[in-house]
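Below: structure12.txt (compact mmCIF, C-alpha atoms and all ligand atoms)
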```txt
# COMPACT_ATOMS: atom_id res chain seq x y z
CA MET A 191 52.24 22.66 105.18
CA ASN A 192 51.68 26.43 105.38
CA SER A 193 51.51 27.82 108.90
CA LYS A 194 50.21 31.24 109.91
CA PRO A 195 53.03 33.78 110.40
CA THR A 196 53.72 34.71 113.99
CA PHE A 197 53.65 38.31 115.16
CA SER A 198 57.45 38.54 114.98
CA ASP A 199 57.28 37.11 111.41
CA GLU A 200 54.77 39.82 110.47
CA ILE A 201 57.01 42.57 111.83
CA ALA A 202 60.08 41.01 110.20
CA ASN A 203 58.25 40.93 106.84
CA MET A 204 57.09 44.50 107.25
CA ILE A 205 60.59 45.89 107.81
CA HIS A 206 62.34 43.43 105.49
CA ALA A 207 62.78 45.91 102.62
CA GLY A 208 64.17 48.60 104.93
CA HIS A 209 67.74 49.31 105.90
CA GLY A 210 69.72 47.15 108.33
CA SER A 211 69.64 43.77 110.06
CA PRO A 212 66.55 41.81 111.18
CA LEU A 213 65.33 42.15 114.78
CA SER A 214 66.47 38.59 115.46
CA ALA A 215 70.05 39.96 115.35
CA CYS A 216 69.42 42.02 118.52
CA ILE A 217 71.82 41.10 121.36
CA GLN A 218 69.85 43.11 123.97
CA CYS A 219 72.87 45.30 124.73
CA GLY A 220 70.62 48.27 125.63
CA THR A 221 72.56 50.88 123.63
CA CYS A 222 69.35 52.00 121.90
CA SER A 223 67.56 52.57 125.22
CA ALA A 224 70.53 54.33 126.78
CA THR A 225 70.80 56.77 123.87
CA CYS A 226 67.05 57.39 123.40
CA PRO A 227 65.94 60.85 124.62
CA SER A 228 62.30 59.70 124.81
CA ALA A 229 62.97 56.47 126.75
CA PRO A 230 62.09 57.96 130.19
CA PHE A 231 58.56 58.68 128.90
CA MET A 232 57.99 55.33 127.16
CA LYS A 233 56.16 52.38 128.66
CA HIS A 234 58.81 50.03 127.27
CA THR A 235 62.30 51.08 126.26
CA PRO A 236 63.32 50.34 122.63
CA ARG A 237 65.45 47.37 123.81
CA ARG A 238 62.53 45.91 125.75
CA LEU A 239 60.09 46.47 122.89
CA ILE A 240 62.36 44.51 120.54
CA ALA A 241 62.57 41.69 123.10
CA LEU A 242 58.75 41.65 123.29
CA ILE A 243 58.46 41.48 119.48
CA ASN A 244 60.99 38.67 119.24
CA ALA A 245 59.07 36.77 121.93
CA ASN A 246 55.74 37.33 120.05
CA TYR A 247 54.11 39.44 122.77
CA LYS A 248 51.76 41.05 120.28
CA GLU A 249 49.21 42.46 122.74
CA GLU A 250 51.87 44.09 124.91
CA VAL A 251 53.51 45.65 121.85
CA LEU A 252 50.22 46.99 120.45
CA ALA A 253 49.27 48.38 123.87
CA SER A 254 52.64 50.12 124.22
CA ASP A 255 53.11 53.86 123.75
CA THR A 256 56.82 53.43 122.86
CA TYR A 257 56.63 54.04 119.11
CA TRP A 258 54.18 56.93 119.53
CA TYR A 259 56.69 58.68 121.81
CA CYS A 260 59.58 58.11 119.37
CA ALA A 261 60.96 61.46 118.23
CA SER A 262 62.58 59.98 115.08
CA CYS A 263 65.97 61.32 116.09
CA TYR A 264 67.77 58.16 114.81
CA HIS A 265 70.27 58.14 117.71
CA CYS A 266 69.44 54.46 118.30
CA THR A 267 69.79 53.48 114.63
CA VAL A 268 73.24 55.00 114.17
CA ARG A 269 74.55 53.51 117.45
CA CYS A 270 73.18 49.97 117.30
CA PRO A 271 76.18 47.59 117.14
CA LYS A 272 74.09 45.10 115.12
CA ASP A 273 72.97 47.65 112.51
CA ILE A 274 69.26 47.38 113.32
CA ASP A 275 67.16 50.32 112.12
CA ILE A 276 65.23 50.87 115.34
CA ALA A 277 63.83 54.22 114.20
CA GLY A 278 62.51 52.55 111.04
CA LEU A 279 60.94 49.88 113.23
CA MET A 280 59.13 52.58 115.23
CA TYR A 281 57.61 53.97 112.01
CA GLY A 282 56.63 50.45 110.97
CA LEU A 283 54.91 49.77 114.29
CA LYS A 284 52.91 53.00 113.99
CA ARG A 285 51.68 51.87 110.57
CA TYR A 286 50.99 48.34 111.78
CA SER A 287 48.93 49.50 114.77
CA MET A 288 46.96 51.92 112.58
CA TRP A 289 46.19 49.22 110.01
CA LYS A 290 45.03 46.89 112.78
CA SER A 291 43.19 49.72 114.57
CA ALA A 292 44.93 48.50 117.71
CA TYR A 293 46.56 51.14 119.85
CA GLN A 294 46.35 52.48 123.37
CA GLU A 295 43.36 54.78 123.92
CA GLY A 296 44.00 58.41 124.74
CA LEU A 297 47.17 58.78 122.68
CA VAL A 298 47.40 61.90 120.50
CA GLY A 299 49.69 60.25 117.90
CA PRO A 300 47.20 57.86 116.21
CA VAL A 301 44.43 60.48 116.06
CA PHE A 302 46.86 63.06 114.67
CA SER A 303 48.25 60.59 112.09
CA GLU A 304 44.80 59.60 110.88
CA ALA A 305 43.67 63.23 110.58
CA PHE A 306 46.88 64.09 108.71
CA VAL A 307 46.56 61.24 106.18
CA LYS A 308 42.87 62.03 105.58
CA MET A 309 43.68 65.69 105.05
CA ILE A 310 46.53 65.03 102.63
CA PHE A 311 44.47 62.48 100.76
CA GLY A 312 41.51 64.87 100.54
CA SER A 313 43.30 68.03 99.45
CA GLY A 314 47.00 67.28 98.86
CA ARG A 315 47.91 69.92 101.43
CA SER A 316 48.31 70.17 105.17
CA PHE A 317 46.06 72.66 106.98
CA GLU A 318 47.38 73.25 110.47
CA PRO A 319 44.28 74.83 112.08
CA VAL A 320 42.33 71.56 111.58
CA LEU A 321 45.26 69.35 112.59
CA ALA A 322 45.66 71.35 115.81
CA THR A 323 42.21 70.31 116.99
CA THR A 324 43.47 66.71 117.33
CA TYR A 325 45.67 67.66 120.27
CA LEU A 326 44.49 71.09 121.51
CA PHE A 327 41.80 69.60 123.72
CA SER A 328 44.32 67.42 125.51
CA LEU A 329 46.05 70.56 126.84
CA ASP A 330 45.25 72.29 130.10
CA ILE A 331 43.50 75.66 129.90
CA LYS A 332 46.71 77.71 130.21
CA GLU A 333 48.46 75.77 127.43
CA PHE A 334 45.29 75.91 125.32
CA ILE A 335 45.08 79.72 125.57
CA GLY A 336 48.82 80.00 124.84
CA GLU A 337 48.43 77.89 121.67
CA ILE A 338 45.42 79.93 120.50
CA GLN A 339 47.34 83.18 121.04
CA THR A 340 50.33 81.84 119.10
CA ALA A 341 48.11 80.63 116.24
CA THR A 342 46.29 83.97 116.08
CA GLY A 343 49.60 85.84 115.95
CA LEU A 344 50.85 83.57 113.14
CA MET A 345 47.61 84.03 111.18
CA LEU A 346 47.78 87.81 111.51
CA LYS A 347 51.34 87.73 110.15
CA GLY A 348 50.32 85.46 107.27
CA ARG A 349 52.42 82.55 108.58
CA LEU A 350 49.41 80.28 109.10
CA PRO A 351 46.71 79.91 106.40
CA ILE A 352 43.16 80.96 107.28
CA LEU A 353 41.53 78.85 104.55
CA PRO A 354 42.57 75.34 103.38
CA ALA A 355 44.20 75.02 99.95
CA ARG A 356 43.92 72.24 97.34
CA ILE A 357 46.50 71.08 94.84
CA LYS A 358 45.80 70.81 91.11
CA ARG A 359 45.22 67.36 89.61
CA LEU A 360 44.06 65.94 92.92
CA LYS A 361 42.76 62.78 91.22
CA ASN A 362 46.26 61.86 89.98
CA PHE A 363 47.69 62.54 93.41
CA LYS A 364 45.08 60.30 95.09
CA ARG A 365 45.84 57.51 92.65
CA MET A 366 49.55 57.78 93.44
CA ILE A 367 48.97 57.78 97.21
CA GLY A 368 46.55 54.87 96.90
CA ARG A 369 49.38 52.80 95.39
CA ILE A 370 51.77 53.32 98.27
CA ILE A 371 49.58 53.28 101.38
CA PRO A 372 46.39 51.42 102.21
CA VAL A 373 43.84 54.22 102.25
CA GLY A 374 40.69 52.12 101.92
CA GLY A 375 37.63 53.93 103.20
CA LEU A 376 39.11 57.41 102.92
CA GLU A 377 37.51 58.35 99.59
S1 LIG B 1 71.27 48.70 120.34
FE1 LIG B 1 70.75 47.19 118.75
S2 LIG B 1 71.53 45.22 119.54
FE2 LIG B 1 71.50 46.65 121.27
S3 LIG B 1 69.51 46.28 122.28
FE3 LIG B 1 69.21 47.96 120.82
S4 LIG B 1 68.52 46.95 118.93
FE4 LIG B 1 69.41 45.36 120.22
S1 LIG B 2 64.65 57.35 116.93
FE1 LIG B 2 63.03 57.11 118.45
S2 LIG B 2 63.54 55.21 119.56
FE2 LIG B 2 65.39 55.89 118.46
S3 LIG B 2 66.54 57.11 119.94
FE3 LIG B 2 65.29 58.53 118.75
S4 LIG B 2 63.39 58.75 119.94
FE4 LIG B 2 64.43 56.92 120.72
```
As a first step, turn the structure in this file into structure tokens.
Ligand code: SF4
Ligand code: SF4
Amino acid sequence: MNSKPTFSDEIANMIHAGHGSPLSACIQCGTCSATCPSAPFMKHTPRRLIALINANYKEEVLASDTYWYCASCYHCTVRCPKDIDIAGLMYGLKRYSMWKSAYQEGLVGPVFSEAFVKMIFGSGRSFEPVLATTYLFSLDIKEFIGEIQTATGLMLKGRLPILPARIKRLKNFKRMIGRIIPVGGLE
């Protein structure tokens, strides 16, 4: 009889093709958390997040900011004694929470990621002035003015584009992207 996969099964399936051991191999040694530069800012440390996944605490994991604060430095991955790709897991959890539209409100990461994917899918190029609007309004007034001054300086020196660009053969590019990521609803 077929039974519905548990949350930990879903995550295991998602990262199956990646590098390293499954999360079930975790011995909760805490090396990943101790080496993580972002851990002090995370709701759950990487070690704790893995324990929550293995115990099927789906809601807690989806409500966590841990993977959105991950800086992708890979310190944890190269130091894990069980060869678990924790950094790869963080990427996977970002994708999973975006697909499920289930993430903590008020985080810049999901809004930024969605804007980035839409932009790349629509033009094949990144256009920083539009991307910046996804986080500029979360800054205080002093930081906001500082960012605007920096952007203006970069534009005047030709280091930041004033108008968005488009790649050639955009249709082919969209077809290729559509094969590797679920972009339903973006066209
Ligand atoms: S370093 Fe590896 S084994 Fe240790 S807690 Fe982190 S994931 Fe688990
Ligand atoms: S890759 Fe992410 S989770 Fe791992 S140590 Fe770096 S910031 Fe922490």
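Residues in contact with ligand LIG 2 (chain B) (atom pairs separated by at most 6 Å; only C-alpha atoms and all ligand atoms) are Thr225, Cys226, Pro227, Ser228, Pro236, Cys260, Ala261, Ser262, Cys263, Tyr264, His265, Cys266, Ile276 and Ala277 of chain A.
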What box, with edges along x, y and z, holds each listed atom of ligand LIG 1 (chain B) when 4 Å is added on every side, and can you state its centre and edge lengths in Å to one decimal, as JSON?
```
{"center_x": 70.0, "center_y": 47.0, "center_z": 120.5, "size_x": 11.0, "size_y": 11.5, "size_z": 11.5}
```
Return as JSON lines the residues of chain A lying at most 12 Å from ligand LIG 1 (chain B), together with the closest atom-to-atom pair for each and the distance in Å to one decimal, counting only C-alpha atoms and all ligand atoms, with rows in chain order and ascending residue number.
```
{"residue": "A:Gly210", "atom": "CA", "partner": "B:LIG1", "partner_atom": "FE1", "distance": 10.5}
{"residue": "A:Ser211", "atom": "CA", "partner": "B:LIG1", "partner_atom": "FE1", "distance": 9.4}
{"residue": "A:Pro212", "atom": "CA", "partner": "B:LIG1", "partner_atom": "S4", "distance": 9.5}
{"residue": "A:Leu213", "atom": "CA", "partner": "B:LIG1", "partner_atom": "S4", "distance": 7.1}
{"residue": "A:Ser214", "atom": "CA", "partner": "B:LIG1", "partner_atom": "FE4", "distance": 8.8}
{"residue": "A:Ala215", "atom": "CA", "partner": "B:LIG1", "partner_atom": "S2", "distance": 6.9}
{"residue": "A:Cys216", "atom": "CA", "partner": "B:LIG1", "partner_atom": "FE4", "distance": 3.7}
{"residue": "A:Ile217", "atom": "CA", "partner": "B:LIG1", "partner_atom": "S2", "distance": 4.5}
{"residue": "A:Gln218", "atom": "CA", "partner": "B:LIG1", "partner_atom": "S3", "distance": 3.6}
{"residue": "A:Cys219", "atom": "CA", "partner": "B:LIG1", "partner_atom": "FE2", "distance": 4.0}
{"residue": "A:Gly220", "atom": "CA", "partner": "B:LIG1", "partner_atom": "S3", "distance": 4.1}
{"residue": "A:Thr221", "atom": "CA", "partner": "B:LIG1", "partner_atom": "S1", "distance": 4.2}
{"residue": "A:Cys222", "atom": "CA", "partner": "B:LIG1", "partner_atom": "S1", "distance": 4.1}
{"residue": "A:Ser223", "atom": "CA", "partner": "B:LIG1", "partner_atom": "FE3", "distance": 6.6}
{"residue": "A:Ala224", "atom": "CA", "partner": "B:LIG1", "partner_atom": "S1", "distance": 8.6}
{"residue": "A:Thr225", "atom": "CA", "partner": "B:LIG1", "partner_atom": "S1", "distance": 8.8}
{"residue": "A:Cys226", "atom": "CA", "partner": "B:LIG1", "partner_atom": "FE3", "distance": 10.0}
{"residue": "A:Thr235", "atom": "CA", "partner": "B:LIG1", "partner_atom": "FE3", "distance": 9.3}
{"residue": "A:Pro236", "atom": "CA", "partner": "B:LIG1", "partner_atom": "FE3", "distance": 6.6}
{"residue": "A:Arg237", "atom": "CA", "partner": "B:LIG1", "partner_atom": "S3", "distance": 4.5}
{"residue": "A:Arg238", "atom": "CA", "partner": "B:LIG1", "partner_atom": "S3", "distance": 7.8}
{"residue": "A:Leu239", "atom": "CA", "partner": "B:LIG1", "partner_atom": "S4", "distance": 9.3}
{"residue": "A:Ile240", "atom": "CA", "partner": "B:LIG1", "partner_atom": "S4", "distance": 6.8}
{"residue": "A:Ala241", "atom": "CA", "partner": "B:LIG1", "partner_atom": "FE4", "distance": 8.3}
{"residue": "A:Leu242", "atom": "CA", "partner": "B:LIG1", "partner_atom": "FE4", "distance": 11.7}
{"residue": "A:Ile243", "atom": "CA", "partner": "B:LIG1", "partner_atom": "S4", "distance": 11.5}
{"residue": "A:Asn244", "atom": "CA", "partner": "B:LIG1", "partner_atom": "FE4", "distance": 10.8}
{"residue": "A:Tyr264", "atom": "CA", "partner": "B:LIG1", "partner_atom": "S1", "distance": 11.5}
{"residue": "A:His265", "atom": "CA", "partner": "B:LIG1", "partner_atom": "S1", "distance": 9.9}
{"residue": "A:Cys266", "atom": "CA", "partner": "B:LIG1", "partner_atom": "S1", "distance": 6.4}
{"residue": "A:Thr267", "atom": "CA", "partner": "B:LIG1", "partner_atom": "FE1", "distance": 7.6}
{"residue": "A:Val268", "atom": "CA", "partner": "B:LIG1", "partner_atom": "S1", "distance": 9.0}
{"residue": "A:Arg269", "atom": "CA", "partner": "B:LIG1", "partner_atom": "S1", "distance": 6.5}
{"residue": "A:Cys270", "atom": "CA", "partner": "B:LIG1", "partner_atom": "S1", "distance": 3.8}
{"residue": "A:Pro271", "atom": "CA", "partner": "B:LIG1", "partner_atom": "FE1", "distance": 5.7}
{"residue": "A:Lys272", "atom": "CA", "partner": "B:LIG1", "partner_atom": "S2", "distance": 5.1}
{"residue": "A:Asp273", "atom": "CA", "partner": "B:LIG1", "partner_atom": "FE1", "distance": 6.6}
{"residue": "A:Ile274", "atom": "CA", "partner": "B:LIG1", "partner_atom": "FE1", "distance": 5.6}
{"residue": "A:Asp275", "atom": "CA", "partner": "B:LIG1", "partner_atom": "S4", "distance": 7.7}
{"residue": "A:Ile276", "atom": "CA", "partner": "B:LIG1", "partner_atom": "S4", "distance": 6.3}
{"residue": "A:Ala277", "atom": "CA", "partner": "B:LIG1", "partner_atom": "S4", "distance": 9.9}
{"residue": "A:Gly278", "atom": "CA", "partner": "B:LIG1", "partner_atom": "S4", "distance": 11.4}
{"residue": "A:Leu279", "atom": "CA", "partner": "B:LIG1", "partner_atom": "S4", "distance": 9.9}
{"residue": "A:Met280", "atom": "CA", "partner": "B:LIG1", "partner_atom": "S4", "distance": 11.6}
```
Next item on the list: Please provide the set of residues having any atom within 9 Å of region 352-355 of chain A, restricted to only C-alpha atoms, with same-chain residues fewer than 5 positions apart removed, written as a VMD selection string.
Entry: chain A and resid 313 to 319 345
Could you dump the residues just selected with C-alpha atoms as a short mmCIF file (atom, residue, chain, number, x, y, z; two decimals), keeping the file's coordinate frame?
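Result written to selection-v6.cif:
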```cif
data_model
loop_
_atom_site.label_atom_id
_atom_site.label_comp_id
_atom_site.auth_asym_id
_atom_site.auth_seq_id
_atom_site.Cartn_x
_atom_site.Cartn_y
_atom_site.Cartn_z
CA SER A 313 43.30 68.03 99.45
CA GLY A 314 47.00 67.28 98.86
CA ARG A 315 47.91 69.92 101.43
CA SER A 316 48.31 70.17 105.17
CA PHE A 317 46.06 72.66 106.98
CA GLU A 318 47.38 73.25 110.47
CA PRO A 319 44.28 74.83 112.08
CA MET A 345 47.61 84.03 111.18
#
```
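The two atoms in question, CA of Asp199 (chain A) and CA of Ala245 (chain A), are spaced 10.7 Å apart.
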